[in-house]
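**Student:** Supplied in structure tokens, the structure appears directly below.
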Amino acid sequence: MTKQSAGSRLDTSRPHPARVYDWLLGGKDNYPVDQEVAKRLPPESRLSALRNRAFMQRAAAWLAGTGIDQYLDIGTGIPTSPNLHQIVQAVVPSARVAYTDNDPIVLRHAESLLAGTPEGSTDYIEADVRAPGAILEHARTFLDFGRPVALSMIALMHFLPDEEDPCSLTRTLVDALPSGSYFVFSHGTTDEHPHLADSVKDTYRKGAIPLRMRTRAEVEPFFAGLEMVEPGLVTATRWYKDSPAPAEELSGFYVGVARVP
């Protein structure tokens, strides 16, 4: 593994979305400030996190099965096995996976846990999605942008308010991908849990974590100009390809996979 750090210091006095998510997934790499936020969330939040994680695993396995051997994962979060590289390298051992997150604790875990196969390789850059140019600059030193790359952004952009223009940031990243690449995306929503909208937002707000859940119509623009892979933009438990159909349970995420034309 190689790595590049932005030089930020670990701050355990404030909750971080990646560590809150780690707790929701049943992980242990979080702190009391993160647990305080996570435990105030409704039980549906933990179930939605697990269902979203399962979507990522199904999508990654499907992409690897199509032969995609390069991945750029932004908003990696705390490594939870099986992580993206473990899934894709089990299918394509030579696959290269570049992870990106803005939390130093993720870098520390990445150094020890995100080891790839002997044939493949993993990389890590500590950077923020708000600086897509820096991410792409580093990614190009590790991935070959002359061939298809799968860009993965899972459970990330609902932490960016409208004024930060998350669609534009996403477009900058997607536009850098060569034809034949894929975009894997999930975004938080309360469309199927409207009664929880205020409590979830208030819980994150009290932890000083901005949260902007979006409706299906508001998530659609993230895929503008791309070729949606069936079944299109759906909730997390309704997306599957070659794997058995998951139970059709309620979800707090819209998800989709799209091809770059």
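Every chain in the structure tokens has a letter given in the order shown (A, B, ...), and although residue numbers restart at 1 in each chain, ligands are simply numbered from 1 in the order shown.
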If you run DSSP on the backbone, which residues of range 7-157 of chain A are alpha helix (DSSP H), as number ranges by chain?

**Tutor:** A: 17-24, 32-40, 43-65, 84-91, 104-113, 132-139

**Student:** Write out as an MDAnalysis selection string the residues lying within 9 Å of range 182-194 of chain A, counting only C-alpha atoms and excluding same-chain residues fewer than 3 positions away.

**Tutor:** chainID A and resid 44 52 55:56 59:60 63 68 148:159 174 177 179 197:198 212:216 219 222:223 226 235:236 250:260

**Student:** Counting only C-alpha atoms, which residue out of A:Ala139, A:Gly232, A:Gly65, A:Pro132 sits closest to Ala98 in chain A?

**Tutor:**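 The shortest atom-to-atom distance to Ala98 in chain A comes from A:Ala139.
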
**Student:** Looking only at strand (DSSP E) from DSSP on the backbone, list the matching residues of range 68-253 of chain A as a ChimeraX atom specification.

**Tutor:** /A:70-74,96-101,121-126,150-154,182-188,227-228,234-235,253

**Student:** Using only C-alpha atoms, which protein or nucleic acid residues come within 9 Å of Ser13 in chain A? Drop anything in the same chain fewer than 6 positions from it, and give the result as a ChimeraX atom specification.

**Tutor:** /A:31-33

**Student:** Using only C-alpha atoms for the distances, tell me which of A:Trp62, A:Gly75, A:Glu220, A:Leu47 is nearest to Ser243 in chain A.

**Tutor:**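 Checking each of A:Trp62, A:Gly75, A:Glu220, A:Leu47 against Ser243 in chain A, counting only C-alpha atoms, the winner is A:Trp62.
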
**Student:** Please provide as a list in words all residues within 8 Å of Pro161 in chain A, with the sequence filter that same-chain residues fewer than 4 positions apart are discarded (counting only C-alpha atoms).

**Tutor:** Asp165, Pro166, Pro210, Leu211 and Arg212 of chain A

**Student:** What does the file look like for those residues with C-alpha atoms, as a PDB file, in the first residue's frame?

**Tutor:**
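So the final result, stored in part-v4.pdb, reads:
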```pdb
ATOM      1  CA  ASP A 165     -22.971  22.145  -4.586  1.00  0.00           C
ATOM      2  CA  PRO A 166     -22.413  18.399  -4.158  1.00  0.00           C
ATOM      3  CA  PRO A 210     -24.418  18.772   8.680  1.00  0.00           C
ATOM      4  CA  LEU A 211     -26.961  16.488   7.049  1.00  0.00           C
ATOM      5  CA  ARG A 212     -28.981  17.040   3.900  1.00  0.00           C
TER       6      ARG A 212
END
```

**Student:** Could you check how far CA of Tyr71 in chain A sits from CA of Val97 in chain A, in Å to one decimal?

**Tutor:**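 Computing it gives 4.7 Å between the two atoms.
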
**Student:** Using only C-alpha atoms, which of the listed residues (A:Ala131, A:Leu107, A:Val92, A:Ile125) sits closest to Thr66 in chain A?

**Tutor:**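 Smallest separation from Thr66 in chain A among the options: A:Val92.
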
**Student:** Find the residue from A:Val234, A:Ala95, A:Ile74, A:Val20 that sits nearest to Leu169 in chain A; use only C-alpha atoms when measuring.

**Tutor:** A:Ile74

**Student:** Compile the contact shell of range 76-90 of chain A as a count of residues only: residues with an atom at most 6 Å away, counting only C-alpha atoms, same-chain residues fewer than 5 positions apart removed.

**Tutor:** 8

**Student:** Can you tell me which residues surround Ile209 in chain A at a distance of at most 9 Å, considering only C-alpha atoms, apart from same-chain residues fewer than 4 positions away, and format the answer as a list in words?

**Tutor:**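 Contacts, in chain order: Pro15, His16, Pro17, Phe159, Thr203, Tyr204 and Arg205 of chain A.
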